[in-house]
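Report on one structure; see the data block that follows.
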Amino acid sequence: MTKGGSESKASRQGGAGGQSQSQRQRQRQRLARLVLQRPASGKSTKELSANLRSLGRHLGKHCPHFGKKGVVQLAAPQLASAALEGAEEIGPPKFNKYAGWVEWKNTVFLWVNAVGGSFDNNFRANGREVNWYVGGANPSDSSPIVKRLLTLSSSRAAKPGFEVCLFVRARATEPYVFCGRCNYRGHNGQRKGYEFNWRLSDYPKLVKCPAFRELLALQKPAAAAAVATAATRRAGTRAAARPPRARNSVHTRKRK
């Protein structure tokens, strides 16, 4: 009787274990659909607050999920926890993947390509500063994203907790590196694409990270080439400004 009871108990435990394994498998399948396959079917990022504290663990590192969508999902970990709880209809936040930014309630993400792309984004001051372009069709002071960035940057003290965060990738085929928070330095609405200049608040930590240093190294040849091109142009301008030399009217007869 005791032996039979033990067997019965072990059987129940095995059944419970099998059910738990089945649940874990379904959970993994839900997460796989969420991260890799499912289209954006959740709320807009404008209605959500990004989890900046969780995102901070990836400062100076390649984001584990690829592309803009992967970064957005990384900043919204509540989606993963909801999927684990069995919510079948959960989906990643909606955002405009063609824009150079993503707006949240508590932050704005800026996307930058270190090499290539439609605009020349360059690190300056040994990597402490970087420029970023709004892009799109004729951005101006009245563009919603420009107005929001300028308003929030000029009244940062009045909006505690709001941050502008930068994500840079070496090329379009590589994952983004989280470069932390940005402070507004200036803007130039006359530049094509509407240029903003930012200072990296987390630079002291970033400069110690290999992934960030790789981004800076990528731009060194480009910077050297730009300097060489500028020097060539200046030399050409000076040469064009010089008056032509007078030709000698006496021709030297060639020796036979």
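In the structure tokens, each chain is lettered A, B, ... as it comes, each chain's residues begin at 1, and ligands are numbered from 1 in order of appearance.
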
Which residues come within 9 Å of Ile145 of chain A, counting only C-alpha atoms, excluding same-chain residues fewer than 3 positions away, as a PDB file with all heavy atoms, in the first residue's frame?
ATOM      1  N   TRP A 101      13.706  58.467 -35.547  1.00  0.00           N
ATOM      2  CA  TRP A 101      13.453  58.593 -34.112  1.00  0.00           C
ATOM      3  C   TRP A 101      12.229  57.774 -33.730  1.00  0.00           C
ATOM      4  O   TRP A 101      11.445  57.355 -34.591  1.00  0.00           O
ATOM      5  CB  TRP A 101      13.210  60.062 -33.725  1.00  0.00           C
ATOM      6  CG  TRP A 101      11.908  60.592 -34.262  1.00  0.00           C
ATOM      7  CD1 TRP A 101      10.689  60.575 -33.639  1.00  0.00           C
ATOM      8  CD2 TRP A 101      11.675  61.169 -35.556  1.00  0.00           C
ATOM      9  NE1 TRP A 101       9.718  61.118 -34.452  1.00  0.00           N
ATOM     10  CE2 TRP A 101      10.298  61.501 -35.635  1.00  0.00           C
ATOM     11  CE3 TRP A 101      12.494  61.469 -36.649  1.00  0.00           C
ATOM     12  CZ2 TRP A 101       9.734  62.085 -36.769  1.00  0.00           C
ATOM     13  CZ3 TRP A 101      11.931  62.049 -37.776  1.00  0.00           C
ATOM     14  CH2 TRP A 101      10.563  62.363 -37.829  1.00  0.00           C
ATOM     15  N   GLU A 103       9.233  58.108 -30.592  1.00  0.00           N
ATOM     16  CA  GLU A 103       8.731  58.884 -29.454  1.00  0.00           C
ATOM     17  C   GLU A 103       8.022  57.982 -28.446  1.00  0.00           C
ATOM     18  O   GLU A 103       7.188  57.162 -28.806  1.00  0.00           O
ATOM     19  CB  GLU A 103       7.748  59.956 -29.935  1.00  0.00           C
ATOM     20  CG  GLU A 103       8.378  61.045 -30.777  1.00  0.00           C
ATOM     21  CD  GLU A 103       7.385  62.146 -31.100  1.00  0.00           C
ATOM     22  OE1 GLU A 103       7.036  62.925 -30.193  1.00  0.00           O
ATOM     23  OE2 GLU A 103       6.952  62.211 -32.267  1.00  0.00           O
ATOM     24  N   VAL A 134      17.028  65.164 -38.461  1.00  0.00           N
ATOM     25  CA  VAL A 134      15.624  64.751 -38.407  1.00  0.00           C
ATOM     26  C   VAL A 134      15.271  63.946 -39.654  1.00  0.00           C
ATOM     27  O   VAL A 134      14.641  62.896 -39.584  1.00  0.00           O
ATOM     28  CB  VAL A 134      14.709  65.982 -38.279  1.00  0.00           C
ATOM     29  CG1 VAL A 134      13.243  65.554 -38.330  1.00  0.00           C
ATOM     30  CG2 VAL A 134      15.008  66.725 -36.987  1.00  0.00           C
ATOM     31  N   SER A 142       8.402  73.888 -37.408  1.00  0.00           N
ATOM     32  CA  SER A 142       7.016  73.537 -37.094  1.00  0.00           C
ATOM     33  C   SER A 142       6.769  72.028 -37.125  1.00  0.00           C
ATOM     34  O   SER A 142       5.660  71.583 -36.826  1.00  0.00           O
ATOM     35  CB  SER A 142       6.063  74.227 -38.082  1.00  0.00           C
ATOM     36  OG  SER A 142       6.353  73.836 -39.421  1.00  0.00           O
ATOM     37  N   ARG A 148       8.939  69.229 -30.294  1.00  0.00           N
ATOM     38  CA  ARG A 148       9.026  68.501 -29.024  1.00  0.00           C
ATOM     39  C   ARG A 148      10.450  68.491 -28.486  1.00  0.00           C
ATOM     40  O   ARG A 148      10.678  68.735 -27.299  1.00  0.00           O
ATOM     41  CB  ARG A 148       8.530  67.067 -29.197  1.00  0.00           C
ATOM     42  CG  ARG A 148       8.451  66.338 -27.851  1.00  0.00           C
ATOM     43  CD  ARG A 148       8.000  64.912 -27.974  1.00  0.00           C
ATOM     44  NE  ARG A 148       7.799  64.338 -26.631  1.00  0.00           N
ATOM     45  CZ  ARG A 148       7.686  63.049 -26.367  1.00  0.00           C
ATOM     46  NH1 ARG A 148       7.751  62.170 -27.347  1.00  0.00           N
ATOM     47  NH2 ARG A 148       7.503  62.624 -25.130  1.00  0.00           N
ATOM     48  N   LEU A 149      11.425  68.221 -29.358  1.00  0.00           N
ATOM     49  CA  LEU A 149      12.815  68.173 -28.912  1.00  0.00           C
ATOM     50  C   LEU A 149      13.286  69.533 -28.416  1.00  0.00           C
ATOM     51  O   LEU A 149      13.966  69.629 -27.391  1.00  0.00           O
ATOM     52  CB  LEU A 149      13.717  67.680 -30.047  1.00  0.00           C
ATOM     53  CG  LEU A 149      13.614  66.198 -30.389  1.00  0.00           C
ATOM     54  CD1 LEU A 149      14.453  65.873 -31.622  1.00  0.00           C
ATOM     55  CD2 LEU A 149      14.040  65.324 -29.215  1.00  0.00           C
ATOM     56  N   LEU A 150      12.925  70.597 -29.129  1.00  0.00           N
ATOM     57  CA  LEU A 150      13.348  71.931 -28.719  1.00  0.00           C
ATOM     58  C   LEU A 150      12.670  72.352 -27.422  1.00  0.00           C
ATOM     59  O   LEU A 150      13.302  72.943 -26.541  1.00  0.00           O
ATOM     60  CB  LEU A 150      13.056  72.940 -29.825  1.00  0.00           C
ATOM     61  CG  LEU A 150      13.898  72.814 -31.104  1.00  0.00           C
ATOM     62  CD1 LEU A 150      13.465  73.853 -32.129  1.00  0.00           C
ATOM     63  CD2 LEU A 150      15.380  72.976 -30.785  1.00  0.00           C
TER      64      LEU A 150
END

key: Selection: 8 Å around Asp141 of chain A, only C-alpha atoms, excl. self and same-chain fewer than 5 positions, as an MDAnalysis selection string   = chainID A and resid 146:147 189

Can I get the selection written as an mmCIF file, in the first residue's frame, with N, CA, C and O atoms?
data_model
loop_
_atom_site.group_PDB
_atom_site.id
_atom_site.type_symbol
_atom_site.label_atom_id
_atom_site.label_comp_id
_atom_site.auth_asym_id
_atom_site.auth_seq_id
_atom_site.Cartn_x
_atom_site.Cartn_y
_atom_site.Cartn_z
ATOM 1 N N VAL A 146 10.525 68.188 -34.105
ATOM 2 C CA VAL A 146 11.435 69.317 -33.847
ATOM 3 C C VAL A 146 10.905 70.147 -32.690
ATOM 4 O O VAL A 146 11.652 70.512 -31.766
ATOM 5 N N LYS A 147 9.620 70.441 -32.709
ATOM 6 C CA LYS A 147 9.019 71.239 -31.643
ATOM 7 C C LYS A 147 9.136 70.538 -30.300
ATOM 8 O O LYS A 147 9.443 71.161 -29.284
ATOM 9 N N GLY A 189 18.551 74.622 -38.342
ATOM 10 C CA GLY A 189 17.420 74.331 -39.213
ATOM 11 C C GLY A 189 17.688 74.624 -40.667
ATOM 12 O O GLY A 189 16.900 74.227 -41.536
#

ask   = What's the 6 Å shell around Val130 of chain A, counting only C-alpha atoms, without same-chain residues fewer than 6 positions away, as a VMD selection string?
value = chain A and resid 122 to 124 197 to 198

Can you write just those residues out, C-alpha atoms, as a JSON list (two decimals), in the first residue's frame?
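Generated file (out-v5.json):
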[["chain", "number", "residue", "atom", "x", "y", "z"],
["A", 122, "ASN", "CA", 29.88, 62.41, -36.97],
["A", 123, "PHE", "CA", 31.27, 62.09, -33.47],
["A", 124, "ARG", "CA", 33.23, 65.12, -32.31],
["A", 197, "ASN", "CA", 23.89, 68.58, -31.96],
["A", 198, "TRP", "CA", 23.99, 66.48, -28.81]]

If we count only C-alpha atoms, what is near Phe178 of chain A at a cut-off of 8 Å, once residues fewer than 6 positions away on the same chain are taken out, given as a PDB file with N, CA and C atoms, in the first residue's frame?
ATOM      1  N   HIS A  58      22.363  47.807 -20.889  1.00  0.00           N
ATOM      2  CA  HIS A  58      22.967  47.606 -22.210  1.00  0.00           C
ATOM      3  C   HIS A  58      23.792  48.808 -22.654  1.00  0.00           C
ATOM      4  N   LEU A  59      24.078  49.735 -21.759  1.00  0.00           N
ATOM      5  CA  LEU A  59      24.852  50.923 -22.118  1.00  0.00           C
ATOM      6  C   LEU A  59      26.212  50.531 -22.698  1.00  0.00           C
ATOM      7  N   GLY A  60      26.512  51.078 -23.875  1.00  0.00           N
ATOM      8  CA  GLY A  60      27.793  50.813 -24.510  1.00  0.00           C
ATOM      9  C   GLY A  60      27.913  49.433 -25.131  1.00  0.00           C
ATOM     10  N   LYS A  61      26.812  48.704 -25.206  1.00  0.00           N
ATOM     11  CA  LYS A  61      26.831  47.344 -25.750  1.00  0.00           C
ATOM     12  C   LYS A  61      25.917  47.242 -26.969  1.00  0.00           C
ATOM     13  N   HIS A  62      26.145  46.187 -27.755  1.00  0.00           N
ATOM     14  CA  HIS A  62      25.224  45.889 -28.846  1.00  0.00           C
ATOM     15  C   HIS A  62      23.903  45.406 -28.257  1.00  0.00           C
ATOM     16  N   CYS A  63      22.809  45.931 -28.763  1.00  0.00           N
ATOM     17  CA  CYS A  63      21.502  45.480 -28.298  1.00  0.00           C
ATOM     18  C   CYS A  63      21.302  44.032 -28.728  1.00  0.00           C
ATOM     19  N   CYS A 165      17.605  59.573 -25.896  1.00  0.00           N
ATOM     20  CA  CYS A 165      18.556  58.455 -25.911  1.00  0.00           C
ATOM     21  C   CYS A 165      19.037  58.176 -27.327  1.00  0.00           C
ATOM     22  N   LEU A 166      20.317  57.854 -27.441  1.00  0.00           N
ATOM     23  CA  LEU A 166      20.952  57.662 -28.744  1.00  0.00           C
ATOM     24  C   LEU A 166      21.303  56.195 -28.973  1.00  0.00           C
ATOM     25  N   PHE A 167      21.005  55.734 -30.195  1.00  0.00           N
ATOM     26  CA  PHE A 167      21.366  54.386 -30.627  1.00  0.00           C
ATOM     27  C   PHE A 167      22.111  54.495 -31.953  1.00  0.00           C
ATOM     28  N   VAL A 168      23.315  53.957 -31.975  1.00  0.00           N
ATOM     29  CA  VAL A 168      24.168  54.062 -33.159  1.00  0.00           C
ATOM     30  C   VAL A 168      24.562  52.662 -33.615  1.00  0.00           C
TER      31      VAL A 168
END

query = So which one's closest to Tyr98 of chain A, A:Gly193, A:Gly135, A:Pro64, A:Gly70? Using only C-alpha atoms, please.
reply = A:Gly135

inquiry  = Between atom CA of Leu48 of chain A and atom CA of Val71 of chain A, what is the distance in Å, rounded to a tenth?
reply    =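 Atom CA of Val71 of chain A lies 14.4 Å from atom CA of Leu48 of chain A.
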
inquiry  = Restricting the calculation to only C-alpha atoms: of A:Arg171, A:Asn126, A:Gly180, A:Lys43, which residue gets closest to Val108 of chain A?
reply    =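 For Val108 of chain A, the nearest of the candidates is A:Gly180.
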
request  = Identify which of the residues A:Pro93, A:Ala170, A:Asn131, A:Gly42 lies closest to Glu195 of chain A, counting only C-alpha atoms when measuring atom-to-atom distances.
outcome  = A:Asn131

From A:Trp111, A:Ala99, A:Val177, A:Ala125, residue lying nearest Leu55 of chain A [only C-alpha atoms] =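 Closest residue, counting only C-alpha atoms: A:Val177.
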